[in-house]
$ cat model.txt   # compact mmCIF, C-alpha atoms (C1' of nucleotides)
# COMPACT_ATOMS: atom_id res chain seq x y z
CA MET A 558 132.11 124.03 110.21
CA PHE A 559 132.87 120.43 109.30
CA LYS A 560 136.21 120.90 111.03
CA THR A 561 134.71 120.63 114.51
CA PHE A 562 132.92 117.45 113.57
CA GLU A 563 136.14 116.07 112.17
CA THR A 564 138.06 116.81 115.34
CA TYR A 565 135.33 115.16 117.34
CA LEU A 566 135.30 112.03 115.20
CA LYS A 567 139.05 111.83 115.18
CA GLU A 568 139.24 112.00 118.95
CA LYS A 569 136.29 109.78 119.77
CA ALA A 570 136.34 107.17 117.03
CA ASP A 571 139.84 107.59 115.64
CA LEU A 572 138.75 107.59 112.01
CA THR A 573 141.26 107.41 109.17
CA VAL A 574 141.48 110.11 106.53
CA ASP A 575 139.61 107.99 104.02
CA GLU A 576 136.83 107.29 106.45
CA MET A 577 136.58 110.95 107.24
CA VAL A 578 136.13 111.70 103.57
CA ALA A 579 133.27 109.21 103.47
CA VAL A 580 131.63 110.89 106.42
CA ARG A 581 132.06 114.31 104.92
CA ALA A 582 130.49 113.16 101.65
CA VAL A 583 127.14 112.57 103.34
CA SER A 584 127.25 115.39 105.89
CA ILE A 585 124.81 118.23 105.43
CA GLU A 586 125.81 121.47 107.08
CA LYS A 587 122.97 123.55 108.36
CA LYS A 588 122.48 126.72 110.34
CA ILE A 589 119.44 127.12 112.52
CA ARG A 590 118.48 130.42 114.02
CA LYS A 591 117.19 130.82 117.52
CA ARG A 592 113.59 129.63 117.81
CA GLN A 593 113.78 127.84 114.51
CA TYR A 594 112.63 124.23 114.35
CA LEU A 595 114.73 121.29 113.26
CA LEU A 596 111.89 118.84 113.77
CA GLN A 597 108.22 119.34 114.42
CA GLU A 598 105.70 117.06 116.02
CA GLY A 599 104.12 114.81 113.44
CA ASP A 600 107.11 114.83 111.11
CA VAL A 601 109.41 111.86 110.80
CA CYS A 602 112.95 112.28 112.07
CA HIS A 603 115.13 111.31 109.10
CA TYR A 604 118.43 112.62 110.33
CA ASN A 605 121.09 112.16 112.87
CA CYS A 606 122.08 115.58 114.02
CA PHE A 607 125.44 116.59 115.45
CA ILE A 608 125.64 119.97 117.15
CA VAL A 609 128.69 121.94 116.03
CA LYS A 610 127.70 125.13 117.78
CA GLY A 611 124.79 126.38 119.79
CA CYS A 612 122.10 124.85 121.91
CA LEU A 613 118.97 122.85 121.06
CA ARG A 614 116.21 121.17 122.94
CA LEU A 615 113.85 118.25 122.42
CA TYR A 616 110.47 118.70 124.00
CA ARG A 617 106.98 117.30 123.86
CA VAL A 618 103.71 119.03 124.44
CA GLY A 619 101.43 117.53 127.08
CA GLU A 620 97.68 117.21 126.81
CA ASP A 621 97.19 120.48 128.63
CA GLY A 622 99.50 122.29 126.21
CA THR A 623 102.48 122.52 128.52
CA GLU A 624 105.94 121.98 127.09
CA HIS A 625 108.06 119.29 128.68
CA ILE A 626 111.73 119.16 127.88
CA LEU A 627 113.21 115.71 127.39
CA ARG A 628 116.74 116.73 126.52
CA PHE A 629 119.05 119.64 125.93
CA GLY A 630 121.95 119.50 123.54
CA VAL A 631 125.02 121.69 123.16
CA GLU A 632 128.32 121.55 121.26
CA ASN A 633 129.50 118.01 120.47
CA TRP A 634 126.22 116.39 121.43
CA TRP A 635 123.87 114.52 119.17
CA MET A 636 120.28 115.51 118.99
CA SER A 637 117.40 113.75 117.33
CA ASP A 638 114.15 112.12 118.21
CA ARG A 639 115.46 108.59 118.39
CA GLU A 640 112.02 107.05 118.66
CA SER A 641 110.83 108.54 115.38
CA TYR A 642 114.23 107.95 113.79
CA ASN A 643 114.19 104.27 114.70
CA THR A 644 110.59 103.44 114.03
CA GLY A 645 109.92 105.77 111.13
CA ASP A 646 106.75 106.89 112.88
CA PRO A 647 105.78 110.54 113.16
CA SER A 648 107.58 112.23 116.00
CA LYS A 649 105.84 113.03 119.28
CA GLY A 650 108.34 115.76 119.95
CA ASN A 651 109.81 118.98 118.65
CA ILE A 652 113.40 120.03 118.31
CA ASP A 653 114.18 123.70 118.19
CA ALA A 654 117.15 125.95 118.72
CA LEU A 655 117.61 127.96 121.91
CA GLU A 656 120.48 129.87 120.32
CA ASN A 657 121.66 130.44 116.78
CA SER A 658 123.23 127.10 116.05
CA GLU A 659 125.16 125.10 113.52
CA VAL A 660 124.49 121.44 113.02
CA ILE A 661 125.53 118.61 110.79
CA LEU A 662 122.83 116.32 109.50
CA ILE A 663 123.33 112.81 108.22
CA ASP A 664 120.50 111.02 106.55
CA LYS A 665 119.49 107.67 108.05
CA PRO A 666 120.45 105.45 105.07
CA ASP A 667 123.74 107.30 104.76
CA PHE A 668 124.39 106.94 108.43
CA ASN A 669 123.67 103.23 108.34
CA ASN A 670 126.10 102.93 105.47
CA LEU A 671 128.78 104.65 107.47
CA THR A 672 128.34 102.49 110.55
CA THR A 673 128.36 99.26 108.56
CA THR A 674 131.45 100.18 106.59
CA ILE A 675 133.37 101.80 109.43
CA PRO A 676 133.51 99.42 112.40
CA ARG A 677 135.25 101.91 114.67
CA LEU A 678 132.50 104.41 114.06
CA ASN A 679 129.87 101.79 114.70
CA ASN A 680 131.61 100.88 117.89
CA PHE A 681 131.70 104.40 119.10
CA ILE A 682 128.05 105.01 118.26
CA GLU A 683 127.07 101.87 120.11
CA LYS A 684 128.91 103.08 123.18
CA LEU A 685 127.20 106.42 122.87
CA LYS A 686 123.80 104.78 122.74
CA ALA A 687 124.65 102.67 125.73
CA ARG A 688 125.67 105.70 127.77
CA SER A 689 122.59 107.50 126.64
CA PHE A 690 120.45 104.66 127.91
CA ASP A 691 122.28 104.62 131.22
CA ALA A 692 121.68 108.34 131.55
CA SER A 693 117.98 107.77 130.98
CA GLN A 694 117.88 105.15 133.68
CA ASN A 695 119.62 107.45 136.09
CA ARG A 696 117.23 110.23 135.30
CA ILE A 697 114.29 107.93 135.95
CA MET A 698 115.84 106.97 139.26
CA SER A 699 116.25 110.62 140.03
CA ASN A 700 112.66 111.37 139.11
CA ILE A 701 111.17 108.67 141.29
CA SER A 702 113.50 108.99 144.25
CA ARG A 703 114.69 112.56 144.68
CA THR A 704 113.02 115.77 145.73
CA ALA A 705 112.78 118.70 143.34
CA GLU A 706 115.56 120.48 145.19
CA GLU A 707 117.88 117.51 144.93
CA ARG A 708 117.16 117.16 141.23
CA TYR A 709 117.91 120.83 140.78
CA GLN A 710 121.30 120.59 142.47
CA GLU A 711 122.06 117.42 140.57
CA PHE A 712 121.33 119.21 137.32
CA MET A 713 123.61 122.10 138.22
CA THR A 714 126.52 119.87 139.09
CA PHE A 715 126.08 117.47 136.16
CA PHE A 716 125.33 120.04 133.49
CA PRO A 717 126.82 123.38 134.55
CA ASP A 718 127.42 124.26 130.90
CA ILE A 719 123.74 123.86 130.12
CA PHE A 720 122.60 125.40 133.38
CA TYR A 721 124.32 128.67 132.62
CA ARG A 722 122.93 129.09 129.14
CA VAL A 723 119.29 128.11 129.18
CA PRO A 724 116.47 129.99 130.91
CA LEU A 725 115.40 128.71 134.30
CA HIS A 726 111.85 127.95 133.30
CA MET A 727 113.23 125.44 130.84
CA ILE A 728 115.24 123.78 133.54
CA ALA A 729 112.06 123.63 135.57
CA SER A 730 110.37 121.98 132.61
CA TYR A 731 113.21 119.48 132.32
CA LEU A 732 113.04 118.68 136.02
CA GLY A 733 109.29 118.30 136.02
CA VAL A 734 108.33 121.18 138.32
CA SER A 735 106.61 124.49 137.67
CA ARG A 736 108.79 127.55 137.11
CA GLU A 737 107.40 129.11 140.30
CA THR A 738 108.44 126.12 142.35
CA LEU A 739 111.93 126.20 140.90
CA SER A 740 112.15 129.88 141.68
CA ARG A 741 111.20 129.25 145.31
CA ILE A 742 113.62 126.36 145.60
CA ARG A 743 116.36 128.68 144.43
CA SER A 744 115.53 131.47 146.86
CA GLN A 745 115.31 129.07 149.80
CA PHE A 746 118.60 127.63 148.76
CA SER A 747 120.41 130.95 148.45
CA HIS A 748 119.25 132.10 151.91
CA LYS A 749 121.66 129.64 153.51
CA MET B 1288 113.52 75.15 129.90
CA PHE B 1289 115.70 76.08 126.94
CA LYS B 1290 112.71 75.30 124.74
CA THR B 1291 110.94 78.56 125.61
CA PHE B 1292 114.05 80.56 124.81
CA GLU B 1293 114.37 78.70 121.52
CA THR B 1294 110.81 79.47 120.52
CA TYR B 1295 111.39 83.10 121.39
CA LEU B 1296 114.58 83.35 119.36
CA LYS B 1297 113.04 81.52 116.45
CA GLU B 1298 110.10 83.87 116.35
CA LYS B 1299 111.93 87.12 117.02
CA ALA B 1300 115.26 86.64 115.28
CA ASP B 1301 114.51 83.69 113.02
CA LEU B 1302 117.69 81.82 113.91
CA THR B 1303 118.78 78.73 112.00
CA VAL B 1304 119.24 75.38 113.71
CA ASP B 1305 123.01 75.79 113.72
CA GLU B 1306 122.79 79.22 115.26
CA MET B 1307 120.43 77.92 117.88
CA VAL B 1308 122.96 75.28 118.79
CA ALA B 1309 125.58 77.97 119.24
CA VAL B 1310 123.27 79.90 121.52
CA ARG B 1311 122.44 76.83 123.52
CA ALA B 1312 126.12 76.05 123.98
CA VAL B 1313 126.65 79.19 126.05
CA SER B 1314 123.28 79.35 127.80
CA ILE B 1315 123.22 78.75 131.50
CA GLU B 1316 119.91 77.62 132.92
CA LYS B 1317 119.16 78.82 136.39
CA LYS B 1318 116.31 78.68 138.86
CA ILE B 1319 115.83 81.45 141.33
CA ARG B 1320 113.49 81.18 144.24
CA LYS B 1321 111.27 84.01 145.38
CA ARG B 1322 113.24 86.67 147.23
CA GLN B 1323 116.53 85.32 145.96
CA TYR B 1324 118.99 87.71 144.35
CA LEU B 1325 120.36 87.50 140.84
CA LEU B 1326 122.50 90.58 141.28
CA GLN B 1327 123.40 92.61 144.31
CA GLU B 1328 124.48 96.19 144.60
CA GLY B 1329 128.24 96.46 144.31
CA ASP B 1330 128.63 93.38 142.17
CA VAL B 1331 129.36 93.60 138.48
CA CYS B 1332 126.64 92.42 136.13
CA HIS B 1333 128.36 89.84 133.93
CA TYR B 1334 125.32 88.28 132.33
CA ASN B 1335 122.50 88.90 130.00
CA CYS B 1336 119.46 87.35 131.56
CA PHE B 1337 116.40 86.08 129.73
CA ILE B 1338 113.35 85.30 131.81
CA VAL B 1339 111.83 81.95 130.93
CA LYS B 1340 109.34 81.91 133.75
CA GLY B 1341 108.52 84.06 136.73
CA CYS B 1342 108.92 87.68 137.65
CA LEU B 1343 111.96 89.75 138.60
CA ARG B 1344 112.63 93.35 139.48
CA LEU B 1345 115.57 95.75 139.25
CA TYR B 1346 115.67 98.28 142.04
CA ARG B 1347 118.04 100.72 143.65
CA VAL B 1348 118.19 101.83 147.24
CA GLY B 1349 118.02 105.57 147.86
CA GLU B 1350 120.07 107.46 150.42
CA ASP B 1351 117.27 107.16 152.95
CA GLY B 1352 117.12 103.40 152.51
CA THR B 1353 113.98 103.33 150.42
CA GLU B 1354 113.75 100.89 147.52
CA HIS B 1355 113.00 102.35 144.11
CA ILE B 1356 112.02 100.01 141.32
CA LEU B 1357 113.48 100.77 137.92
CA ARG B 1358 112.03 97.84 136.01
CA PHE B 1359 109.98 94.72 136.30
CA GLY B 1360 110.50 91.71 134.09
CA VAL B 1361 108.32 88.73 133.31
CA GLU B 1362 108.33 85.86 130.81
CA ASN B 1363 110.19 86.63 127.57
CA TRP B 1364 111.77 89.81 128.89
CA TRP B 1365 115.43 90.47 129.40
CA MET B 1366 116.65 91.63 132.73
CA SER B 1367 120.02 92.93 133.71
CA ASP B 1368 121.66 96.05 134.99
CA ARG B 1369 122.75 97.40 131.64
CA GLU B 1370 124.86 100.14 133.15
CA SER B 1371 127.04 97.74 135.09
CA TYR B 1372 127.01 95.25 132.23
CA ASN B 1373 128.24 97.85 129.76
CA THR B 1374 130.76 99.67 131.87
CA GLY B 1375 132.01 96.81 134.01
CA ASP B 1376 131.53 99.00 137.06
CA PRO B 1377 129.91 97.74 140.24
CA SER B 1378 126.14 97.83 139.97
CA LYS B 1379 124.10 100.48 141.73
CA GLY B 1380 121.10 98.20 141.68
CA ASN B 1381 119.77 94.85 142.80
CA ILE B 1382 117.88 92.24 140.88
CA ASP B 1383 115.75 89.80 142.79
CA ALA B 1384 112.89 87.45 142.11
CA LEU B 1385 109.32 88.28 143.05
CA GLU B 1386 108.24 84.73 142.27
CA ASN B 1387 110.05 81.45 141.85
CA SER B 1388 111.59 81.95 138.45
CA GLU B 1389 113.61 80.34 135.71
CA VAL B 1390 116.14 82.31 133.75
CA ILE B 1391 118.76 81.79 131.11
CA LEU B 1392 122.08 83.52 131.59
CA ILE B 1393 124.61 84.28 128.89
CA ASP B 1394 128.01 85.54 129.81
CA LYS B 1395 129.06 88.87 128.30
CA PRO B 1396 131.97 87.56 126.15
CA ASP B 1397 129.79 84.69 124.96
CA PHE B 1398 126.98 87.04 124.15
CA ASN B 1399 129.28 89.31 122.18
CA ASN B 1400 130.46 86.31 120.25
CA LEU B 1401 126.93 85.38 119.38
CA THR B 1402 125.97 88.83 118.18
CA THR B 1403 129.08 89.22 116.05
CA THR B 1404 128.70 85.82 114.43
CA ILE B 1405 124.92 85.91 114.04
CA PRO B 1406 123.89 89.10 112.24
CA ARG B 1407 120.18 88.43 112.57
CA LEU B 1408 120.56 88.07 116.30
CA ASN B 1409 122.59 91.25 116.46
CA ASN B 1410 119.93 93.03 114.50
CA PHE B 1411 117.19 91.87 116.79
CA ILE B 1412 119.12 92.83 119.91
CA GLU B 1413 119.77 96.27 118.48
CA LYS B 1414 116.08 96.74 117.89
CA LEU B 1415 115.38 95.60 121.40
CA LYS B 1416 117.81 98.13 122.82
CA ALA B 1417 116.29 100.86 120.70
CA ARG B 1418 112.80 100.07 121.94
CA SER B 1419 114.09 99.91 125.45
CA PHE B 1420 115.54 103.38 125.09
CA ASP B 1421 112.31 104.69 123.65
CA ALA B 1422 110.44 103.22 126.59
CA SER B 1423 112.80 105.05 128.95
CA GLN B 1424 112.17 108.33 127.20
CA ASN B 1425 108.45 107.81 127.41
CA ARG B 1426 108.69 107.01 131.07
CA ILE B 1427 110.67 110.17 131.68
CA MET B 1428 108.04 112.13 129.81
CA SER B 1429 105.43 110.50 131.97
CA ASN B 1430 107.33 111.30 135.13
CA ILE B 1431 107.76 114.96 134.36
CA SER B 1432 104.36 115.61 132.81
CA ARG B 1433 101.72 113.40 134.34
CA THR B 1434 100.04 113.24 137.72
CA ALA B 1435 100.42 110.19 139.94
CA GLU B 1436 96.91 109.07 139.05
CA GLU B 1437 97.59 109.30 135.32
CA ARG B 1438 100.81 107.36 135.70
CA TYR B 1439 98.94 104.71 137.64
CA GLN B 1440 96.32 104.26 134.95
CA GLU B 1441 98.97 104.28 132.29
CA PHE B 1442 100.79 101.50 134.08
CA MET B 1443 97.64 99.41 134.34
CA THR B 1444 96.85 99.72 130.66
CA PHE B 1445 100.41 99.24 129.41
CA PHE B 1446 101.41 96.44 131.75
CA PRO B 1447 98.28 94.63 132.88
CA ASP B 1448 100.22 91.38 133.07
CA ILE B 1449 102.64 92.92 135.56
CA PHE B 1450 99.97 94.88 137.38
CA TYR B 1451 98.09 91.74 138.33
CA ARG B 1452 101.06 89.88 139.69
CA VAL B 1453 103.13 92.27 141.75
CA PRO B 1454 102.15 93.85 145.07
CA LEU B 1455 100.78 97.38 144.92
CA HIS B 1456 103.49 98.89 147.08
CA MET B 1457 105.98 97.88 144.41
CA ILE B 1458 103.94 99.58 141.74
CA ALA B 1459 103.93 102.65 143.97
CA SER B 1460 107.71 102.39 144.16
CA TYR B 1461 107.93 102.10 140.37
CA LEU B 1462 105.68 105.12 139.89
CA GLY B 1463 107.55 107.20 142.43
CA VAL B 1464 104.82 107.68 145.03
CA SER B 1465 104.38 106.34 148.54
CA ARG B 1466 102.26 103.25 149.00
CA GLU B 1467 99.74 105.25 151.03
CA THR B 1468 99.29 107.74 148.23
CA LEU B 1469 98.77 104.98 145.71
CA SER B 1470 96.22 103.41 147.99
CA ARG B 1471 94.31 106.68 148.18
CA ILE B 1472 94.47 107.21 144.45
CA ARG B 1473 92.94 103.79 144.02
CA SER B 1474 90.10 104.37 146.45
CA GLN B 1475 89.24 107.75 144.95
CA PHE B 1476 89.30 106.14 141.55
CA SER B 1477 87.02 103.25 142.44
CA HIS B 1478 84.42 105.57 144.02
CA LYS B 1479 83.43 106.78 140.58
C1' DC C 735 111.81 153.44 124.56
C1' DG C 736 108.35 149.74 124.17
C1' DA C 737 107.61 144.96 123.69
C1' DT C 738 108.74 140.62 124.88
C1' DT C 739 110.64 137.20 127.60
C1' DC C 740 112.04 135.72 131.96
C1' DT C 741 111.92 135.59 137.01
C1' DT C 742 110.05 136.33 141.36
C1' DT C 743 106.40 136.81 144.98
C1' DG C 744 101.96 136.18 147.46
C1' DA C 745 97.93 133.67 148.86
C1' DA C 746 94.81 129.86 148.49
C1' DA C 747 93.94 125.26 147.26
C1' DA C 748 95.28 120.72 145.84
C1' DC C 749 98.40 117.18 146.49
C1' DA C 750 101.70 113.98 148.59
C1' DG C 751 104.46 112.33 152.50
C1' DT C 752 104.87 110.59 157.24
C1' DC C 753 103.63 108.14 161.27
C1' DA C 754 100.71 105.18 163.60
C1' DA C 755 97.03 102.11 163.73
C1' DT C 756 94.04 98.76 161.76
C1' DC C 757 92.42 95.33 158.55
C1' DT C 758 93.08 91.56 155.26
C1' DG C 759 94.54 87.44 153.46
C1' DT C 760 98.21 83.77 153.28
C1' DG C 761 100.80 80.32 154.78
C1' DT C 762 103.45 77.73 158.33
C1' DG C 763 104.24 75.13 162.43
C1' DG C 764 102.26 72.96 166.31
C1' DC D 10 92.69 72.30 161.84
C1' DC D 11 93.71 76.17 164.51
C1' DA D 12 96.55 79.93 166.04
C1' DC D 13 99.89 82.89 165.00
C1' DA D 14 103.12 85.40 162.37
C1' DC D 15 103.80 87.97 158.35
C1' DA D 16 103.36 90.50 154.21
C1' DG D 17 100.35 93.54 152.07
C1' DA D 18 96.70 97.12 151.86
C1' DT D 19 94.08 100.65 153.80
C1' DT D 20 92.73 104.66 156.81
C1' DG D 21 93.11 108.88 159.74
C1' DA D 22 95.39 112.93 161.34
C1' DC D 23 98.91 115.90 160.56
C1' DT D 24 102.64 118.20 158.15
C1' DG D 25 105.02 119.67 154.36
C1' DT D 26 105.39 120.49 149.42
C1' DT D 27 103.75 121.83 144.89
C1' DT D 28 100.47 123.87 141.85
C1' DT D 29 97.71 127.50 140.34
C1' DC D 30 96.42 132.09 139.42
C1' DA D 31 97.39 136.74 139.54
C1' DA D 32 100.52 140.36 139.75
C1' DA D 33 104.61 142.70 139.61
C1' DG D 34 109.83 143.20 138.95
C1' DA D 35 114.08 142.45 135.97
C1' DA D 36 116.42 141.78 131.94
C1' DT D 37 116.93 141.69 127.04
C1' DC D 38 116.24 142.96 122.26
C1' DG D 39 114.89 145.41 118.34
$ encode --input "model.txt" --output "structure tokens"
Amino acid sequence: MFKTFETYLKEKADLTVDEMVAVRAVSIEKKIRKRQYLLQEGDVCHYNCFIVKGCLRLYRVGEDGTEHILRFGVENWWMSDRESYNTGDPSKGNIDALENSEVILIDKPDFNNLTTTIPRLNNFIEKLKARSFDASQNRIMSNISRTAEERYQEFMTFFPDIFYRVPLHMIASYLGVSRETLSRIRSQFSHK
Amino acid sequence: MFKTFETYLKEKADLTVDEMVAVRAVSIEKKIRKRQYLLQEGDVCHYNCFIVKGCLRLYRVGEDGTEHILRFGVENWWMSDRESYNTGDPSKGNIDALENSEVILIDKPDFNNLTTTIPRLNNFIEKLKARSFDASQNRIMSNISRTAEERYQEFMTFFPDIFYRVPLHMIASYLGVSRETLSRIRSQFSHK
DNA sequence: CGATTCTTTGAAAACAGTCAATCTGTGTGG
DNA sequence: CCACACAGATTGACTGTTTTCAAAGAATCG
């Protein structure tokens, strides 16, 4: 299970063998079954979580009780509630598994240790954060400027791997429309 | 003009006198008049920009030619197109001044120098980026879960200082609704 | 098979966008 | 100082989109 993570780190951050050992020393392997929670609202997010296998989601519950999905994560993605992780405040969101999954957890102090002692890792993580921010900006742009149909097509083309493995009502939730609306968008679209 | 920046850095990052000198050495003071551009679509964003005085906006133009505002910035905020700045790719957005403004620009290589040589500055900037990311996530949540009216009220309470100095049609653009809709939301709201 | 989860459909109501017109305040040039 | 232009805000009428609620079909899993 650590193997996948190792391959990933080797390719992305080009870690040495020694560095890899250091990473491994603080890595916690964990299996989560479908519908199981990795983080629940109100708890503090103490871990960085790398997805080895499976599919997770981060969502928040609105005032009316509706679930709103902020992110999906699949193999080789990171998944945590960064806000709670950074601030140490209780999380506003929940992370649960949409499939039986395998993840690697690294505790915050351990992770900080790694990034300060391994510059190449730090570098890579910084880049990752930067891209993640850019993605957020683009999603905001999408939300304020595109129609639901456009956002739907955008999602399909950008994340085909996610599109084909999560239920449609969750994609609707991610896009910010009701499942009925998404269903109608799809039927309109396929009648062309 | 540098004075304001100095006060800010002193308070936020607690820089020493020597460090402040180093910052000053690479700071470019610039005045921008209302409606003038700091960055135009297609250009690469080479600078970090700190707002000493005034008000700027970052916006993108949609396929139909409509302007969509991604961010506003006022005194003591940073304003740049982070995507272009990070990647070196041409910017998808424009930054212009909504009022006569004064900014301090720091070139990317210079800025990198500063953050690598001044750990406390680096630390502060990292925190800033983290908060900025969190804000993005919260805005996305808002976009996919709240009604236009709720987003409007949210904006007023979170950014009263911006609310009272930018035209309403720009707030509409930021919120992702037409100016007419915002106008109607307001009149409904005030008839209570 | 039965239960659950997921998707689709229909009809009514609420909501938002567009276009065109009007109203307001501001500031500039004569 | 006035008249005019201009940017901003509002309103009305109309159209189009999205939500909601209720119901019914598929698909999946134990």
$ closest_atom_pairs --input "model.txt" --of "chain C" --to "chain A" --cutoff "8 Å" --atoms "all atoms listed in the file" --output "tab-separated table"
residue	atom	partner	partner_atom	distance
C:DC740	C1'	A:Pro724	CA	7.3
C:DT741	C1'	A:Ser740	CA	7.4
C:DT742	C1'	A:Ser740	CA	6.8
$ closest_atom_pairs --input "model.txt" --of "chain A" --to "chain D" --cutoff "9 Å" --atoms "only C-alpha atoms (C1' of nucleotides)" --output "JSON lines"
{"residue": "A:Val734", "atom": "CA", "partner": "D:DT27", "partner_atom": "C1'", "distance": 8.0}
{"residue": "A:Ser735", "atom": "CA", "partner": "D:DT28", "partner_atom": "C1'", "distance": 7.5}
{"residue": "A:Glu737", "atom": "CA", "partner": "D:DT28", "partner_atom": "C1'", "distance": 8.8}
{"residue": "A:Thr738", "atom": "CA", "partner": "D:DT27", "partner_atom": "C1'", "distance": 6.8}
$ interface_residues --input "model.txt" --of "chain B" --to "chain A" --cutoff "9 Å" --atoms "all atoms listed in the file" --output "mmCIF file with C-alpha atoms, in the frame of the given file"
data_model
loop_
_atom_site.group_PDB
_atom_site.id
_atom_site.type_symbol
_atom_site.label_atom_id
_atom_site.label_comp_id
_atom_site.auth_asym_id
_atom_site.auth_seq_id
_atom_site.Cartn_x
_atom_site.Cartn_y
_atom_site.Cartn_z
ATOM 1 C CA ARG B 1347 118.040 100.720 143.650
ATOM 2 C CA GLY B 1349 118.020 105.570 147.860
ATOM 3 C CA THR B 1353 113.980 103.330 150.420
ATOM 4 C CA GLU B 1354 113.750 100.890 147.520
ATOM 5 C CA HIS B 1355 113.000 102.350 144.110
ATOM 6 C CA ILE B 1356 112.020 100.010 141.320
ATOM 7 C CA LEU B 1357 113.480 100.770 137.920
ATOM 8 C CA ARG B 1369 122.750 97.400 131.640
ATOM 9 C CA GLU B 1370 124.860 100.140 133.150
ATOM 10 C CA ASN B 1373 128.240 97.850 129.760
ATOM 11 C CA THR B 1374 130.760 99.670 131.870
ATOM 12 C CA LYS B 1414 116.080 96.740 117.890
ATOM 13 C CA LYS B 1416 117.810 98.130 122.820
ATOM 14 C CA ALA B 1417 116.290 100.860 120.700
ATOM 15 C CA ARG B 1418 112.800 100.070 121.940
ATOM 16 C CA SER B 1419 114.090 99.910 125.450
ATOM 17 C CA PHE B 1420 115.540 103.380 125.090
ATOM 18 C CA ASP B 1421 112.310 104.690 123.650
ATOM 19 C CA ALA B 1422 110.440 103.220 126.590
ATOM 20 C CA SER B 1423 112.800 105.050 128.950
ATOM 21 C CA GLN B 1424 112.170 108.330 127.200
ATOM 22 C CA ARG B 1426 108.690 107.010 131.070
ATOM 23 C CA ILE B 1427 110.670 110.170 131.680
ATOM 24 C CA MET B 1428 108.040 112.130 129.810
ATOM 25 C CA ASN B 1430 107.330 111.300 135.130
ATOM 26 C CA ILE B 1431 107.760 114.960 134.360
ATOM 27 C CA SER B 1432 104.360 115.610 132.810
ATOM 28 C CA ARG B 1433 101.720 113.400 134.340
ATOM 29 C CA SER B 1460 107.710 102.390 144.160
ATOM 30 C CA TYR B 1461 107.930 102.100 140.370
ATOM 31 C CA LEU B 1462 105.680 105.120 139.890
ATOM 32 C CA GLY B 1463 107.550 107.200 142.430
ATOM 33 C CA VAL B 1464 104.820 107.680 145.030
#
$ atom_distance --input "model.txt" --atom1 "CA of Tyr1324 in chain B" --atom2 "CA of Thr1402 in chain B"
27.1 Å
$ atom_distance --input "model.txt" --atom1 "CA of Leu678 in chain A" --atom2 "CA of Asp571 in chain A"
8.2 Å
